[in-house]
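Here is the structure we will look at.
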Number of protein chains: 2
Amino acid sequence: VLLDALDNVLTPKVLAGKHVVITAGPTREHADPARFISNPSTGKMGFALASAARHMGAEVTVVSGPVSLVTPPGVFRIDVTTAQEMFDATMRAAPSADMVICTAAVADFRPATSGDRKLSKAELGQTWELERNPDILATLGERYGVDQDEGPIIVGFAAQTHDVLELGREKMLKKKAHALVANKVGGPDSSFGADESSAYVIKPDSHRELPRAPKAELARQILEIISLHADGR
Amino acid sequence: VLLDALDNVLTPKVLAGKHVVITAGPTREHADPARFISNPSTGKMGFALASAARHMGAEVTVVSGPVSLVTPPGVFRIDVTTAQEMFDATMRAAPSADMVICTAAVADFRPATSGDRKLSKAELGQTWELERNPDILATLGERYGVDQDEGPIIVGFAAQTHDVLELGREKMLKKKAHALVANKVGGPDSSFGADESSAYVIKPDSHRELPRAPKAELARQILEIISLHADGR
């Protein structure tokens, strides 16, 4: 707590007066109360960004899926479970935001049918019919992204097992985001659940590679790079 | 820690010299590194049983899926991710056990195909083909259950959203377990992730209802009831 307070005093308040909205963690898409589709996101990167943004003076809202993390001091937290709930909460928060950072690992698909009653193995069947979830980043990009003159800066995240930089740039362009942070999952350098990570911060005209560092430090660097971008808007 | 030590001193050592194997937590069945099927089990009940069994003098092995829990002092822990891994670890531990308690919420199904490479949305498709996982409790029941004269006492758990006692008894008979603990999930009394729970302890010729209590207390009561049974074998 003392180190946190000291860090707080020493960090330049480059985000003072800004409202930063951050999605974090996984979503869960239930087939029934005892079965869901999800992913290994722990929310650490999103919460590290929330903490760093707060230290840099921002008002911070975290829209968080199910995680076992403590809310950073002074951060406003909205808990959600499904991709649809995360979509709704993020769209409600975005109009008042100066920056929306989508770190959450949102499930692309949900079981087409779901219920409050636990299904038997026979009822569950041998295949799950899936339907697409709403795309939070693409919708933010459509409403506020690179083709728009106003609204929050939109920042995406991309976890890739291969071709991290190339697929990250492709995703940024497709979603019309102002910037995208790409990192590697799977294998020994996986960032899922880890306390350290490396990343590329990709913008339309450039990218920067951030070497492996604790997520708190990485979060600070990412916000600094993106804030410079935001000033130039 | 002091309370734990005190509790340890005061608890009768009715399981002294016994080896208790406990499965705990969820399993994860990956379609690719970023997508899996799982369930909301936190492992609290399994770890509470491990701690209580240790206090009662047992050697305890926990076979645990991915959970955010601290291993109770003196408990031997084996970490696994998938149902197949949990099956293998449990079958290796069972021959030396006096009691095997299956609290884990094992995924019934896994995606038929999975890989180390993150799939695109198109590759992932609109349906998941599933295949059955091995049934840990049924296999234990077959090898050591009510029709056998030797081997560990086999205890199942059943989480149900409805007809808790009836479906629990049905499951116990079908799996040839010596006893089964049934509790309710979903709704306001859901035991998933909660610190308290109520339960039925079901045996072939009787059942006992244990009222809502902290999981540590519930664990002690469950072990006492089952140990009585074990002595009568």
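Residues in the structure tokens are named by chain (A, B, ... in the order shown) and by number from 1 within that chain; ligands are numbered from 1 in the order shown.
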All residues 6 Å or closer to segment 36-53 of chain A, only C-alpha atoms, same chain fewer than 2 positions away omitted, as a VMD selection string: (chain A and resid 24 to 26 28 to 31 55 to 56 58 67 72 103 192 to 193 216 219 to 220) or (chain B and resid 34 to 39)
Expected file: the selected residues, N, CA, C and O atoms, as an mmCIF file, in the first residue's frame:
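Output (again.cif):
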```cif
data_model
loop_
_atom_site.group_PDB
_atom_site.id
_atom_site.type_symbol
_atom_site.label_atom_id
_atom_site.label_comp_id
_atom_site.auth_asym_id
_atom_site.auth_seq_id
_atom_site.Cartn_x
_atom_site.Cartn_y
_atom_site.Cartn_z
ATOM 1 N N ALA A 24 -12.201 -6.364 -19.087
ATOM 2 C CA ALA A 24 -11.168 -7.259 -18.540
ATOM 3 C C ALA A 24 -11.717 -8.655 -18.268
ATOM 4 O O ALA A 24 -12.914 -8.826 -18.045
ATOM 5 N N GLY A 25 -10.812 -9.620 -18.287
ATOM 6 C CA GLY A 25 -11.170 -10.985 -17.898
ATOM 7 C C GLY A 25 -11.828 -11.772 -19.015
ATOM 8 O O GLY A 25 -11.921 -11.310 -20.146
ATOM 9 N N PRO A 26 -12.297 -12.974 -18.666
ATOM 10 C CA PRO A 26 -12.994 -13.809 -19.645
ATOM 11 C C PRO A 26 -14.495 -13.499 -19.610
ATOM 12 O O PRO A 26 -14.958 -12.755 -18.747
ATOM 13 N N ARG A 28 -18.196 -15.912 -19.762
ATOM 14 C CA ARG A 28 -18.671 -17.293 -19.688
ATOM 15 C C ARG A 28 -19.991 -17.396 -20.430
ATOM 16 O O ARG A 28 -20.900 -16.603 -20.193
ATOM 17 N N GLU A 29 -20.078 -18.390 -21.293
ATOM 18 C CA GLU A 29 -21.284 -18.601 -22.096
ATOM 19 C C GLU A 29 -21.878 -19.943 -21.702
ATOM 20 O O GLU A 29 -21.387 -20.993 -22.102
ATOM 21 N N HIS A 30 -22.937 -19.875 -20.899
ATOM 22 C CA HIS A 30 -23.497 -21.092 -20.323
ATOM 23 C C HIS A 30 -24.395 -21.867 -21.281
ATOM 24 O O HIS A 30 -25.213 -21.274 -21.983
ATOM 25 N N ALA A 31 -24.238 -23.199 -21.268
ATOM 26 C CA ALA A 31 -25.208 -24.092 -21.900
ATOM 27 C C ALA A 31 -26.272 -24.473 -20.875
ATOM 28 O O ALA A 31 -27.438 -24.653 -21.201
ATOM 29 N N HIS A 55 -3.462 5.755 -11.570
ATOM 30 C CA HIS A 55 -2.245 6.444 -11.127
ATOM 31 C C HIS A 55 -1.908 7.632 -12.006
ATOM 32 O O HIS A 55 -1.329 8.617 -11.547
ATOM 33 N N MET A 56 -2.262 7.528 -13.284
ATOM 34 C CA MET A 56 -1.978 8.609 -14.226
ATOM 35 C C MET A 56 -3.097 9.660 -14.229
ATOM 36 O O MET A 56 -3.142 10.529 -15.101
ATOM 37 N N ALA A 58 -6.586 9.282 -14.345
ATOM 38 C CA ALA A 58 -7.872 9.074 -15.014
ATOM 39 C C ALA A 58 -8.961 8.629 -14.046
ATOM 40 O O ALA A 58 -8.679 8.034 -13.003
ATOM 41 N N VAL A 67 -13.467 -12.963 -12.479
ATOM 42 C CA VAL A 67 -12.036 -13.040 -12.158
ATOM 43 C C VAL A 67 -11.877 -13.098 -10.644
ATOM 44 O O VAL A 67 -12.796 -12.748 -9.909
ATOM 45 N N PRO A 72 -8.613 -2.383 -8.086
ATOM 46 C CA PRO A 72 -7.620 -1.369 -7.673
ATOM 47 C C PRO A 72 -8.316 -0.185 -7.006
ATOM 48 O O PRO A 72 -9.440 0.164 -7.374
ATOM 49 N N THR A 103 -9.467 -5.246 -23.273
ATOM 50 C CA THR A 103 -8.524 -6.328 -22.963
ATOM 51 C C THR A 103 -9.243 -7.649 -22.748
ATOM 52 O O THR A 103 -8.608 -8.692 -22.722
ATOM 53 N N PHE A 192 -1.367 -15.572 -20.886
ATOM 54 C CA PHE A 192 -2.575 -15.918 -20.129
ATOM 55 C C PHE A 192 -2.200 -16.302 -18.701
ATOM 56 O O PHE A 192 -1.516 -17.296 -18.481
ATOM 57 N N GLY A 193 -2.680 -15.533 -17.729
ATOM 58 C CA GLY A 193 -2.481 -15.882 -16.338
ATOM 59 C C GLY A 193 -1.116 -15.517 -15.797
ATOM 60 O O GLY A 193 -0.878 -15.569 -14.599
ATOM 61 N N ALA A 216 2.272 -4.632 -14.586
ATOM 62 C CA ALA A 216 2.074 -3.254 -14.099
ATOM 63 C C ALA A 216 2.931 -2.282 -14.909
ATOM 64 O O ALA A 216 2.473 -1.196 -15.298
ATOM 65 N N ALA A 219 1.675 -2.080 -18.506
ATOM 66 C CA ALA A 219 0.443 -1.282 -18.554
ATOM 67 C C ALA A 219 0.779 0.207 -18.638
ATOM 68 O O ALA A 219 0.192 0.951 -19.427
ATOM 69 N N ARG A 220 1.757 0.649 -17.835
ATOM 70 C CA ARG A 220 2.164 2.048 -17.828
ATOM 71 C C ARG A 220 2.706 2.448 -19.196
ATOM 72 O O ARG A 220 2.344 3.505 -19.757
ATOM 73 N N ALA B 34 -7.198 -20.800 -26.611
ATOM 74 C CA ALA B 34 -7.986 -19.676 -26.115
ATOM 75 C C ALA B 34 -9.456 -20.005 -25.876
ATOM 76 O O ALA B 34 -10.249 -19.110 -25.603
ATOM 77 N N ARG B 35 -9.837 -21.244 -26.017
ATOM 78 C CA ARG B 35 -11.252 -21.594 -25.845
ATOM 79 C C ARG B 35 -11.371 -22.957 -25.188
ATOM 80 O O ARG B 35 -10.750 -23.919 -25.621
ATOM 81 N N PHE B 36 -12.216 -23.029 -24.154
ATOM 82 C CA PHE B 36 -12.452 -24.329 -23.522
ATOM 83 C C PHE B 36 -13.869 -24.430 -22.994
ATOM 84 O O PHE B 36 -14.552 -23.418 -22.829
ATOM 85 N N ILE B 37 -14.284 -25.657 -22.721
ATOM 86 C CA ILE B 37 -15.530 -25.925 -22.000
ATOM 87 C C ILE B 37 -15.161 -26.175 -20.552
ATOM 88 O O ILE B 37 -14.202 -26.886 -20.263
ATOM 89 N N SER B 38 -15.890 -25.550 -19.626
ATOM 90 C CA SER B 38 -15.610 -25.778 -18.212
ATOM 91 C C SER B 38 -16.891 -25.588 -17.416
ATOM 92 O O SER B 38 -17.983 -25.669 -17.974
ATOM 93 N N ASN B 39 -16.753 -25.343 -16.131
ATOM 94 C CA ASN B 39 -17.912 -25.179 -15.250
ATOM 95 C C ASN B 39 -17.499 -24.330 -14.059
ATOM 96 O O ASN B 39 -16.309 -24.089 -13.850
#
```
Test item: residues at most 8 Å from Gly74 of chain B, only C-alpha atoms, excluding those fewer than 2 positions along its chain, as a PyMOL selection string: chain B and resi 54+60+72+76
How would the residues just chosen look if you wrote them out with C-alpha atoms as a short mmCIF file (atom, residue, chain, number, x, y, z; two decimals), in the first residue's frame?
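See part_3.cif below for the written result:
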```
data_model
loop_
_atom_site.label_atom_id
_atom_site.label_comp_id
_atom_site.auth_asym_id
_atom_site.auth_seq_id
_atom_site.Cartn_x
_atom_site.Cartn_y
_atom_site.Cartn_z
CA ARG B 54 -6.03 -34.16 7.29
CA VAL B 60 -4.56 -36.84 1.90
CA PRO B 72 -4.11 -27.11 2.98
CA PHE B 76 -0.30 -33.75 -1.23
#
```
Find the nearest atom pair between each residue of chain A and chain B for residues within 9 Å, count only C-alpha atoms, give distances in Å to one decimal, sort rows by chain and ascending number, and present the table as JSON lines.
```
{"residue": "A:His30", "atom": "CA", "partner": "B:Asn39", "partner_atom": "CA", "distance": 8.6}
{"residue": "A:Pro33", "atom": "CA", "partner": "B:Gly186", "partner_atom": "CA", "distance": 6.0}
{"residue": "A:Ala34", "atom": "CA", "partner": "B:Asn39", "partner_atom": "CA", "distance": 5.3}
{"residue": "A:Arg35", "atom": "CA", "partner": "B:Asn39", "partner_atom": "CA", "distance": 4.7}
{"residue": "A:Phe36", "atom": "CA", "partner": "B:Ser38", "partner_atom": "CA", "distance": 5.5}
{"residue": "A:Ile37", "atom": "CA", "partner": "B:Ile37", "partner_atom": "CA", "distance": 4.4}
{"residue": "A:Ser38", "atom": "CA", "partner": "B:Phe36", "partner_atom": "CA", "distance": 5.5}
{"residue": "A:Asn39", "atom": "CA", "partner": "B:Arg35", "partner_atom": "CA", "distance": 4.7}
{"residue": "A:Pro40", "atom": "CA", "partner": "B:Ala34", "partner_atom": "CA", "distance": 6.6}
{"residue": "A:Ser41", "atom": "CA", "partner": "B:Ala34", "partner_atom": "CA", "distance": 8.3}
{"residue": "A:Ser68", "atom": "CA", "partner": "B:Ser68", "partner_atom": "CA", "distance": 7.7}
{"residue": "A:Ala105", "atom": "CA", "partner": "B:Ala34", "partner_atom": "CA", "distance": 8.4}
{"residue": "A:Ala107", "atom": "CA", "partner": "B:Arg35", "partner_atom": "CA", "distance": 7.7}
{"residue": "A:Asp108", "atom": "CA", "partner": "B:Lys121", "partner_atom": "CA", "distance": 7.4}
{"residue": "A:Phe109", "atom": "CA", "partner": "B:Gln126", "partner_atom": "CA", "distance": 8.0}
{"residue": "A:Pro111", "atom": "CA", "partner": "B:Thr127", "partner_atom": "CA", "distance": 8.8}
{"residue": "A:Asp116", "atom": "CA", "partner": "B:Gly186", "partner_atom": "CA", "distance": 7.0}
{"residue": "A:Arg117", "atom": "CA", "partner": "B:Thr161", "partner_atom": "CA", "distance": 5.8}
{"residue": "A:Lys118", "atom": "CA", "partner": "B:Thr161", "partner_atom": "CA", "distance": 5.9}
{"residue": "A:Lys121", "atom": "CA", "partner": "B:Asp108", "partner_atom": "CA", "distance": 7.4}
{"residue": "A:Gly125", "atom": "CA", "partner": "B:Leu130", "partner_atom": "CA", "distance": 8.3}
{"residue": "A:Gln126", "atom": "CA", "partner": "B:Leu130", "partner_atom": "CA", "distance": 5.1}
{"residue": "A:Thr127", "atom": "CA", "partner": "B:Glu129", "partner_atom": "CA", "distance": 4.6}
{"residue": "A:Trp128", "atom": "CA", "partner": "B:Trp128", "partner_atom": "CA", "distance": 5.2}
{"residue": "A:Glu129", "atom": "CA", "partner": "B:Thr127", "partner_atom": "CA", "distance": 4.6}
{"residue": "A:Leu130", "atom": "CA", "partner": "B:Gln126", "partner_atom": "CA", "distance": 5.1}
{"residue": "A:Glu131", "atom": "CA", "partner": "B:Gln126", "partner_atom": "CA", "distance": 6.5}
{"residue": "A:Arg132", "atom": "CA", "partner": "B:Gln126", "partner_atom": "CA", "distance": 8.1}
{"residue": "A:Ala159", "atom": "CA", "partner": "B:Ala34", "partner_atom": "CA", "distance": 8.3}
{"residue": "A:Gln160", "atom": "CA", "partner": "B:Lys118", "partner_atom": "CA", "distance": 6.8}
{"residue": "A:Thr161", "atom": "CA", "partner": "B:Arg117", "partner_atom": "CA", "distance": 5.9}
{"residue": "A:His162", "atom": "CA", "partner": "B:Arg117", "partner_atom": "CA", "distance": 7.5}
{"residue": "A:Val185", "atom": "CA", "partner": "B:Pro33", "partner_atom": "CA", "distance": 7.5}
{"residue": "A:Gly186", "atom": "CA", "partner": "B:Pro33", "partner_atom": "CA", "distance": 6.1}
{"residue": "A:Gly187", "atom": "CA", "partner": "B:Asp116", "partner_atom": "CA", "distance": 8.3}
{"residue": "A:Phe192", "atom": "CA", "partner": "B:Ala34", "partner_atom": "CA", "distance": 8.9}
```
Nearby residues (only C-alpha atoms) at most 6 Å from segment 142-156 of chain B, same-chain spacing under 3 positions excluded, as a ChimeraX atom specification: /B:97-102,139,176-180
Could you save those same residues with all heavy atoms as an mmCIF file, in the first residue's frame?
```cif
data_model
loop_
_atom_site.group_PDB
_atom_site.id
_atom_site.type_symbol
_atom_site.label_atom_id
_atom_site.label_comp_id
_atom_site.auth_asym_id
_atom_site.auth_seq_id
_atom_site.Cartn_x
_atom_site.Cartn_y
_atom_site.Cartn_z
ATOM 1 N N ALA B 97 -5.468 -46.164 -1.866
ATOM 2 C CA ALA B 97 -6.384 -45.351 -1.052
ATOM 3 C C ALA B 97 -7.335 -46.211 -0.233
ATOM 4 O O ALA B 97 -7.657 -47.351 -0.615
ATOM 5 C CB ALA B 97 -7.194 -44.418 -1.945
ATOM 6 N N ASP B 98 -7.762 -45.669 0.925
ATOM 7 C CA ASP B 98 -8.835 -46.293 1.701
ATOM 8 C C ASP B 98 -10.179 -45.673 1.348
ATOM 9 O O ASP B 98 -11.233 -46.235 1.623
ATOM 10 C CB ASP B 98 -8.560 -46.111 3.194
ATOM 11 C CG ASP B 98 -7.276 -46.808 3.597
ATOM 12 O OD1 ASP B 98 -7.286 -48.046 3.695
ATOM 13 O OD2 ASP B 98 -6.250 -46.110 3.782
ATOM 14 N N MET B 99 -10.135 -44.473 0.794
ATOM 15 C CA MET B 99 -11.361 -43.767 0.434
ATOM 16 C C MET B 99 -11.040 -42.847 -0.739
ATOM 17 O O MET B 99 -9.992 -42.202 -0.733
ATOM 18 C CB MET B 99 -11.829 -42.939 1.645
ATOM 19 C CG MET B 99 -13.215 -42.323 1.505
ATOM 20 S SD MET B 99 -13.601 -41.242 2.929
ATOM 21 C CE MET B 99 -13.693 -42.424 4.268
ATOM 22 N N VAL B 100 -11.895 -42.832 -1.745
ATOM 23 C CA VAL B 100 -11.754 -41.872 -2.848
ATOM 24 C C VAL B 100 -13.030 -41.052 -2.901
ATOM 25 O O VAL B 100 -14.131 -41.611 -3.007
ATOM 26 C CB VAL B 100 -11.527 -42.564 -4.204
ATOM 27 C CG1 VAL B 100 -11.304 -41.512 -5.296
ATOM 28 C CG2 VAL B 100 -10.338 -43.511 -4.149
ATOM 29 N N ILE B 101 -12.891 -39.731 -2.780
ATOM 30 C CA ILE B 101 -14.058 -38.841 -2.780
ATOM 31 C C ILE B 101 -13.998 -37.974 -4.029
ATOM 32 O O ILE B 101 -13.062 -37.195 -4.218
ATOM 33 C CB ILE B 101 -14.068 -37.943 -1.526
ATOM 34 C CG1 ILE B 101 -13.865 -38.790 -0.262
ATOM 35 C CG2 ILE B 101 -15.363 -37.154 -1.448
ATOM 36 C CD1 ILE B 101 -13.845 -37.972 1.019
ATOM 37 N N CYS B 102 -14.988 -38.126 -4.892
ATOM 38 C CA CYS B 102 -14.974 -37.425 -6.179
ATOM 39 C C CYS B 102 -15.831 -36.161 -6.108
ATOM 40 O O CYS B 102 -17.029 -36.193 -6.394
ATOM 41 C CB CYS B 102 -15.490 -38.354 -7.273
ATOM 42 S SG CYS B 102 -14.452 -39.804 -7.519
ATOM 43 N N THR B 139 -15.897 -45.539 -13.242
ATOM 44 C CA THR B 139 -14.761 -46.471 -13.339
ATOM 45 C C THR B 139 -14.319 -46.921 -11.951
ATOM 46 O O THR B 139 -14.049 -48.112 -11.728
ATOM 47 C CB THR B 139 -13.601 -45.804 -14.095
ATOM 48 O OG1 THR B 139 -14.081 -45.344 -15.360
ATOM 49 C CG2 THR B 139 -12.455 -46.785 -14.319
ATOM 50 N N LYS B 176 -22.411 -47.275 -8.797
ATOM 51 C CA LYS B 176 -21.980 -48.298 -7.835
ATOM 52 C C LYS B 176 -21.101 -47.729 -6.719
ATOM 53 O O LYS B 176 -20.189 -48.393 -6.214
ATOM 54 C CB LYS B 176 -21.253 -49.438 -8.563
ATOM 55 C CG LYS B 176 -22.148 -50.091 -9.616
ATOM 56 C CD LYS B 176 -21.439 -51.195 -10.378
ATOM 57 C CE LYS B 176 -22.379 -51.788 -11.426
ATOM 58 N NZ LYS B 176 -21.693 -52.697 -12.349
ATOM 59 N N ALA B 177 -21.359 -46.461 -6.358
ATOM 60 C CA ALA B 177 -20.619 -45.820 -5.263
ATOM 61 C C ALA B 177 -21.164 -46.302 -3.920
ATOM 62 O O ALA B 177 -22.306 -46.735 -3.821
ATOM 63 C CB ALA B 177 -20.733 -44.309 -5.371
ATOM 64 N N HIS B 178 -20.320 -46.243 -2.877
ATOM 65 C CA HIS B 178 -20.762 -46.609 -1.525
ATOM 66 C C HIS B 178 -21.592 -45.512 -0.880
ATOM 67 O O HIS B 178 -22.395 -45.754 0.014
ATOM 68 C CB HIS B 178 -19.548 -46.909 -0.638
ATOM 69 C CG HIS B 178 -18.762 -48.091 -1.071
ATOM 70 N ND1 HIS B 178 -17.600 -47.978 -1.812
ATOM 71 C CD2 HIS B 178 -18.975 -49.428 -0.911
ATOM 72 C CE1 HIS B 178 -17.113 -49.190 -2.052
ATOM 73 N NE2 HIS B 178 -17.929 -50.086 -1.531
ATOM 74 N N ALA B 179 -21.351 -44.283 -1.302
ATOM 75 C CA ALA B 179 -22.099 -43.150 -0.748
ATOM 76 C C ALA B 179 -22.019 -42.004 -1.749
ATOM 77 O O ALA B 179 -21.143 -41.987 -2.621
ATOM 78 C CB ALA B 179 -21.518 -42.728 0.607
ATOM 79 N N LEU B 180 -22.953 -41.067 -1.604
ATOM 80 C CA LEU B 180 -22.948 -39.913 -2.494
ATOM 81 C C LEU B 180 -23.431 -38.681 -1.738
ATOM 82 O O LEU B 180 -24.368 -38.750 -0.942
ATOM 83 C CB LEU B 180 -23.823 -40.184 -3.715
ATOM 84 C CG LEU B 180 -23.742 -39.109 -4.809
ATOM 85 C CD1 LEU B 180 -23.587 -39.748 -6.177
ATOM 86 C CD2 LEU B 180 -24.948 -38.200 -4.769
#
```
Computed interatomic separation between atom CA of Val164 of chain B and atom CA of Ser120 of chain A (Å):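 Rounded to one decimal, the two atoms are 13.5 Å apart.
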So which residues touch segment 77-89 of chain A within 8 Å, counting only C-alpha atoms, skipping near sequence neighbours fewer than 6 positions away, as a short mmCIF file (atom, residue, chain, number, x, y, z; two decimals) with N, CA and C atoms, in the first residue's frame?
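Printed below is part.cif as written:
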```cif
data_model
loop_
_atom_site.label_atom_id
_atom_site.label_comp_id
_atom_site.auth_asym_id
_atom_site.auth_seq_id
_atom_site.Cartn_x
_atom_site.Cartn_y
_atom_site.Cartn_z
N THR A 23 -12.32 -3.11 -20.54
CA THR A 23 -12.94 -4.43 -20.36
C THR A 23 -11.85 -5.42 -19.95
N THR A 27 -15.25 -14.03 -20.56
CA THR A 27 -16.69 -14.14 -20.37
C THR A 27 -17.03 -15.62 -20.28
N ARG A 28 -18.20 -15.91 -19.76
CA ARG A 28 -18.67 -17.29 -19.69
C ARG A 28 -19.99 -17.40 -20.43
N GLU A 29 -20.08 -18.39 -21.29
CA GLU A 29 -21.28 -18.60 -22.10
C GLU A 29 -21.88 -19.94 -21.70
N THR A 61 -13.24 3.07 -15.30
CA THR A 61 -14.31 2.09 -15.17
C THR A 61 -13.82 0.77 -15.74
N VAL A 62 -13.88 -0.28 -14.94
CA VAL A 62 -13.55 -1.62 -15.44
C VAL A 62 -14.84 -2.42 -15.60
N VAL A 63 -15.05 -2.95 -16.78
CA VAL A 63 -16.15 -3.88 -17.01
C VAL A 63 -15.52 -5.27 -16.99
N SER A 64 -15.78 -6.03 -15.92
CA SER A 64 -15.00 -7.25 -15.68
C SER A 64 -15.84 -8.52 -15.74
N GLY A 65 -15.35 -9.51 -16.47
CA GLY A 65 -15.91 -10.85 -16.40
C GLY A 65 -15.50 -11.51 -15.10
N PRO A 66 -15.85 -12.80 -14.90
CA PRO A 66 -15.54 -13.48 -13.64
C PRO A 66 -14.03 -13.65 -13.43
N THR A 71 -10.29 -5.22 -6.85
CA THR A 71 -10.44 -3.98 -7.61
C THR A 71 -9.39 -2.97 -7.16
N VAL A 106 -13.25 -12.04 -24.86
CA VAL A 106 -14.69 -12.26 -25.01
C VAL A 106 -14.93 -13.51 -25.85
N ALA A 107 -15.79 -14.38 -25.37
CA ALA A 107 -16.11 -15.59 -26.14
C ALA A 107 -16.80 -15.18 -27.44
N ASN A 133 -21.59 -14.19 -30.70
CA ASN A 133 -21.81 -13.11 -29.75
C ASN A 133 -21.60 -11.77 -30.45
N PRO A 134 -22.16 -10.68 -29.89
CA PRO A 134 -21.89 -9.35 -30.46
C PRO A 134 -20.38 -9.06 -30.33
N ASP A 135 -19.84 -8.33 -31.29
CA ASP A 135 -18.41 -8.00 -31.32
C ASP A 135 -18.22 -6.61 -30.71
N ILE A 136 -17.72 -6.57 -29.49
CA ILE A 136 -17.62 -5.31 -28.75
C ILE A 136 -16.66 -4.35 -29.45
#
```
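Picture a line from atom CA of Asn183 of chain B to atom CA of Val70 of chain B; it runs 23.6 Å.
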